[in-house]
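A.B. asks: Here it is, the structure, as structure tokens.
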Amino acid sequence: MSAATHTRPNDPEARLGHRFADPALLAAALTHPSVGGRDYQRLEFLGDRVLGLVVAGMLYRTFPREAEGALAKRLAALVRRDALAAVAGDLGLGQLVRVSKGEDEAGGRENPSLLADALEAVIGAIYLDGGLAPAEAFIRRHWTAPLIAARKPPQDAKTRLQEWAQAAGRPLPVYTLLSDEGPRHAPTFAVEARVEGLAPARGNGSSKRAAETAAAQALLAIIESETPS
């Protein structure tokens with residue numbers, strides 16, 4: 001069944017910096033599953049792998065003295081959903097994606113998951129259309145600045161809390177989902193973090209992972225406030 005769609009006149013190829021020999025690939029990459037027909041899901045699967053390969057190569061060459069663990073932390077930060085959504089936002093990708101009327105009215109164009117998925121699909125489409133070279137060029141244009149901006153490998157709050165617990169001889173932190181509320185395009189998760197011997201801390205976020213990170217950060221703040229300087 002066909003669904004009504006909403007788009008704005010635009011030149012997506014100019015915005016993306018790639019002229020497609022097969023326009024059908026771009027059309028699929030910019031079609032949300034709510035529309036029906038050929039959508040971006042398979043291209044998203046492919047683009048995720050292409051992005052990981054190219055960014056891993058960039059990291060390998062940019063930080064020749066870093067160990068595998070540090071490179072893995074950098075990679076995870078650069079290809080996570082929020083990082084992709086930020087790039088997609090800079091490109092105005094949300095306004096290029098064809099979505100159903102219901103998805104549009106629900107605010108789906110601003111949904112970080114939709115933006116990240118569509119961006120991965122675009123990368124997959126560029127790869128299939130022109131090979132690795134144009135896909136790598138696209139990724140380099142949008143990932144070089146954030147890649148070199150981080151002087152040290154990122155370490156999120158969950159990792160730091162886990163390392164603190166291990167150093168203190170305590171069991172690993174436990175995260176409990178307290179609630180999952182709000183509309184589908186803008187959910188709010190609440191999570192509680194616990195470490196044996198400490199009062200629990202709570203965090204909120206637009207995803208379960210983000211809420212866990214916020215809860216870990218809150219618990220770390222308590223630990224740091226109680227640690228003599």
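Chain labels follow the order of the structure tokens: the first chain is A, the next B, and so on; residue numbering restarts at 1 in every chain, and ligands are counted from 1 in their shown order.
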If you count only C-alpha atoms, which residues fall within 9 Å of region 144-150 of chain A, apart from same-chain ones fewer than 2 positions away, as a list in words?
C.D. replies: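 After dropping sequence-adjacent residues, the list is Val55, Met58, Leu59, Thr62, Arg74, Leu75, Leu78, Ile139, Arg140, Arg141, His142, Lys152, Pro153 and Pro154 of chain A.
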A.B. asks: Write out as a list in words the set of residues from region 17-216 of chain A that DSSP, computed on the backbone, places in strand (DSSP E or B).
C.D. replies: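 Everything in region 17-216 of chain A that counts as strand (DSSP E or B) is Thr31, Arg98, Val99, Ser100, Val174, Tyr175, Thr176, Leu177, Leu178, Ser179, Asp180, Glu181, Thr188, Phe189, Ala190, Val191, Glu192, Ala193, Arg194, Ala201, Arg202, Gly203, Asn204 and Gly205 of chain A.
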A.B. asks: Excluding Tyr127 (chain A) and residues on its chain fewer than 3 positions from it, collect all residues at most 10 Å away from it, counting only C-alpha atoms, and give them as a PyMOL selection string.
C.D. replies: chain A and resi 25+43+46-47+50+121-124+130-136+138
A.B. asks: May I have the selected residues written with C-alpha atoms, as a PDB file, in the first residue's frame?
C.D. replies:
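Generated file (selection.pdb):
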```pdb
ATOM      1  CA  LEU A  25      20.163   4.001  -5.405  1.00  0.00           C
ATOM      2  CA  LEU A  43      21.696   0.204   2.104  1.00  0.00           C
ATOM      3  CA  LEU A  46      26.022  -1.845   3.853  1.00  0.00           C
ATOM      4  CA  GLY A  47      26.834   1.784   4.653  1.00  0.00           C
ATOM      5  CA  VAL A  50      31.741   0.947   4.727  1.00  0.00           C
ATOM      6  CA  ALA A 121      22.179   4.337   3.628  1.00  0.00           C
ATOM      7  CA  VAL A 122      23.553   7.276   1.645  1.00  0.00           C
ATOM      8  CA  ILE A 123      27.083   6.009   2.236  1.00  0.00           C
ATOM      9  CA  GLY A 124      26.026   2.546   1.083  1.00  0.00           C
ATOM     10  CA  GLY A 130      30.836   4.527  -7.600  1.00  0.00           C
ATOM     11  CA  GLY A 131      32.915   2.168  -5.509  1.00  0.00           C
ATOM     12  CA  LEU A 132      35.002   2.770  -2.423  1.00  0.00           C
ATOM     13  CA  ALA A 133      36.771   5.934  -3.647  1.00  0.00           C
ATOM     14  CA  PRO A 134      33.746   8.290  -3.698  1.00  0.00           C
ATOM     15  CA  ALA A 135      32.370   6.745  -0.502  1.00  0.00           C
ATOM     16  CA  GLU A 136      35.703   7.328   1.217  1.00  0.00           C
ATOM     17  CA  PHE A 138      32.378  11.587   1.321  1.00  0.00           C
TER      18      PHE A 138
END
```
A.B. asks: By how many Å are CA of Val191 (chain A) and CA of Leu178 (chain A) apart?
C.D. replies: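 Computing the Euclidean distance for CA of Val191 (chain A) and CA of Leu178 (chain A) yields 5.3 Å.
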A.B. asks: Ranking A:Ile222, A:Ala125, A:Leu96, A:Ala186 by minimum distance to His18 (chain A) and counting only C-alpha atoms, which one comes first?
C.D. replies: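 Using only C-alpha atoms, His18 (chain A) sits closest to A:Ala125.
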A.B. asks: Could you tell me which of A:Ile223, A:Val174, A:Leu93, A:Val35 comes closest to Leu16 (chain A) if we count only C-alpha atoms?
C.D. replies: A:Leu93
A.B. asks: Please identify all polymer residues within 9 Å of region 157-169 of chain A, counting only C-alpha atoms, omitting same-chain residues fewer than 6 positions from it, and present them as a list in words.
C.D. replies: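 The neighbour list is Val195, Glu196, Glu212, Thr213, Ala214, Ala215, Ala216, Gln217, Ala218, Leu219 and Leu220 of chain A.
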A.B. asks: Could you pull the residues within 8 Å of Phe45 (chain A), counting only C-alpha atoms, minus those fewer than 3 positions along the same chain, as a VMD selection string?
C.D. replies: chain A and resid 41 to 42 48 to 49 120 to 121 124
A.B. asks: Which residues come within 12 Å of Ser206 (chain A), counting only C-alpha atoms, excluding same-chain residues fewer than 2 positions away, as a short mmCIF file (atom, residue, chain, number, x, y, z; two decimals) with N, CA and C atoms, in the first residue's frame?
C.D. replies:
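Heads up, here's the output in result_37.cif:
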```cif
data_model
loop_
_atom_site.label_atom_id
_atom_site.label_comp_id
_atom_site.auth_asym_id
_atom_site.auth_seq_id
_atom_site.Cartn_x
_atom_site.Cartn_y
_atom_site.Cartn_z
N ARG A 81 25.41 6.52 16.97
CA ARG A 81 24.21 7.16 16.41
C ARG A 81 24.26 8.68 16.51
N ASP A 82 24.63 9.21 17.67
CA ASP A 82 24.62 10.66 17.85
C ASP A 82 25.59 11.35 16.91
N ASN A 111 14.28 12.76 14.21
CA ASN A 111 14.62 11.58 15.01
C ASN A 111 16.08 11.20 14.75
N PRO A 112 16.94 11.20 15.78
CA PRO A 112 18.35 10.85 15.57
C PRO A 112 18.56 9.48 14.93
N SER A 113 17.71 8.52 15.26
CA SER A 113 17.86 7.19 14.67
C SER A 113 17.58 7.23 13.17
N SER A 179 12.07 3.68 33.45
CA SER A 179 10.91 4.05 32.63
C SER A 179 11.33 4.32 31.19
N ASP A 180 10.35 4.22 30.32
CA ASP A 180 10.52 4.49 28.88
C ASP A 180 9.24 5.19 28.45
N GLU A 181 9.31 6.51 28.31
CA GLU A 181 8.10 7.29 28.06
C GLU A 181 8.28 8.20 26.85
N GLY A 182 7.19 8.85 26.47
CA GLY A 182 7.23 9.81 25.39
C GLY A 182 6.88 9.20 24.06
N PRO A 183 6.68 10.06 23.04
CA PRO A 183 6.34 9.56 21.70
C PRO A 183 7.50 8.82 21.06
N ARG A 184 7.20 8.05 20.02
CA ARG A 184 8.21 7.21 19.38
C ARG A 184 9.37 8.02 18.82
N HIS A 185 9.07 9.22 18.31
CA HIS A 185 10.14 10.01 17.70
C HIS A 185 10.96 10.78 18.72
N ALA A 186 10.47 10.85 19.97
CA ALA A 186 11.21 11.59 21.01
C ALA A 186 11.04 10.91 22.36
N PRO A 187 11.52 9.67 22.50
CA PRO A 187 11.35 8.95 23.77
C PRO A 187 12.28 9.50 24.85
N THR A 188 11.91 9.24 26.09
CA THR A 188 12.75 9.60 27.23
C THR A 188 12.92 8.37 28.11
N PHE A 189 14.16 7.98 28.34
CA PHE A 189 14.46 6.83 29.16
C PHE A 189 15.02 7.30 30.50
N ALA A 190 14.67 6.59 31.55
CA ALA A 190 15.23 6.85 32.87
C ALA A 190 15.89 5.58 33.37
N VAL A 191 17.15 5.69 33.80
CA VAL A 191 17.93 4.53 34.22
C VAL A 191 18.58 4.82 35.56
N GLY A 203 19.78 8.71 35.77
CA GLY A 203 20.06 9.51 34.58
C GLY A 203 18.95 9.38 33.57
N ASN A 204 18.77 10.41 32.75
CA ASN A 204 17.76 10.41 31.70
C ASN A 204 18.41 10.64 30.35
N LYS A 208 18.30 4.35 25.71
CA LYS A 208 18.68 3.63 26.92
C LYS A 208 20.16 3.82 27.21
N ARG A 209 20.97 3.77 26.17
CA ARG A 209 22.42 3.95 26.34
C ARG A 209 22.73 5.35 26.87
N ALA A 210 22.06 6.36 26.32
CA ALA A 210 22.31 7.73 26.77
C ALA A 210 21.90 7.89 28.23
N ALA A 211 20.81 7.26 28.63
CA ALA A 211 20.37 7.34 30.02
C ALA A 211 21.34 6.62 30.95
N GLU A 212 21.86 5.48 30.51
CA GLU A 212 22.86 4.77 31.30
C GLU A 212 24.12 5.61 31.48
N THR A 213 24.53 6.27 30.40
CA THR A 213 25.70 7.13 30.47
C THR A 213 25.49 8.28 31.43
N ALA A 214 24.29 8.88 31.39
CA ALA A 214 23.98 9.98 32.29
C ALA A 214 23.95 9.52 33.74
#
```
A.B. asks: Could you pull out the helix (DSSP H, G or I) residues of region 6-135 of chain A, going by DSSP on the backbone, and write them as a PyMOL selection string?
C.D. replies: chain A and resi 12-16+23-29+33-35+41-62+68-79+81-91+93-95+101-105+108-110+112-130+132-135
A.B. asks: For the atom pair CA of Val79 (chain A) and CA of Ala221 (chain A), what is the interatomic distance in Å to one decimal place?
C.D. replies: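 Rounded to one decimal, the two atoms are 26.9 Å apart.
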A.B. asks: Between A:Pro64, A:Gly17, A:Leu128, A:Trp143, which is the closest to Gly52 (chain A) once you count only C-alpha atoms?
C.D. replies: A:Trp143
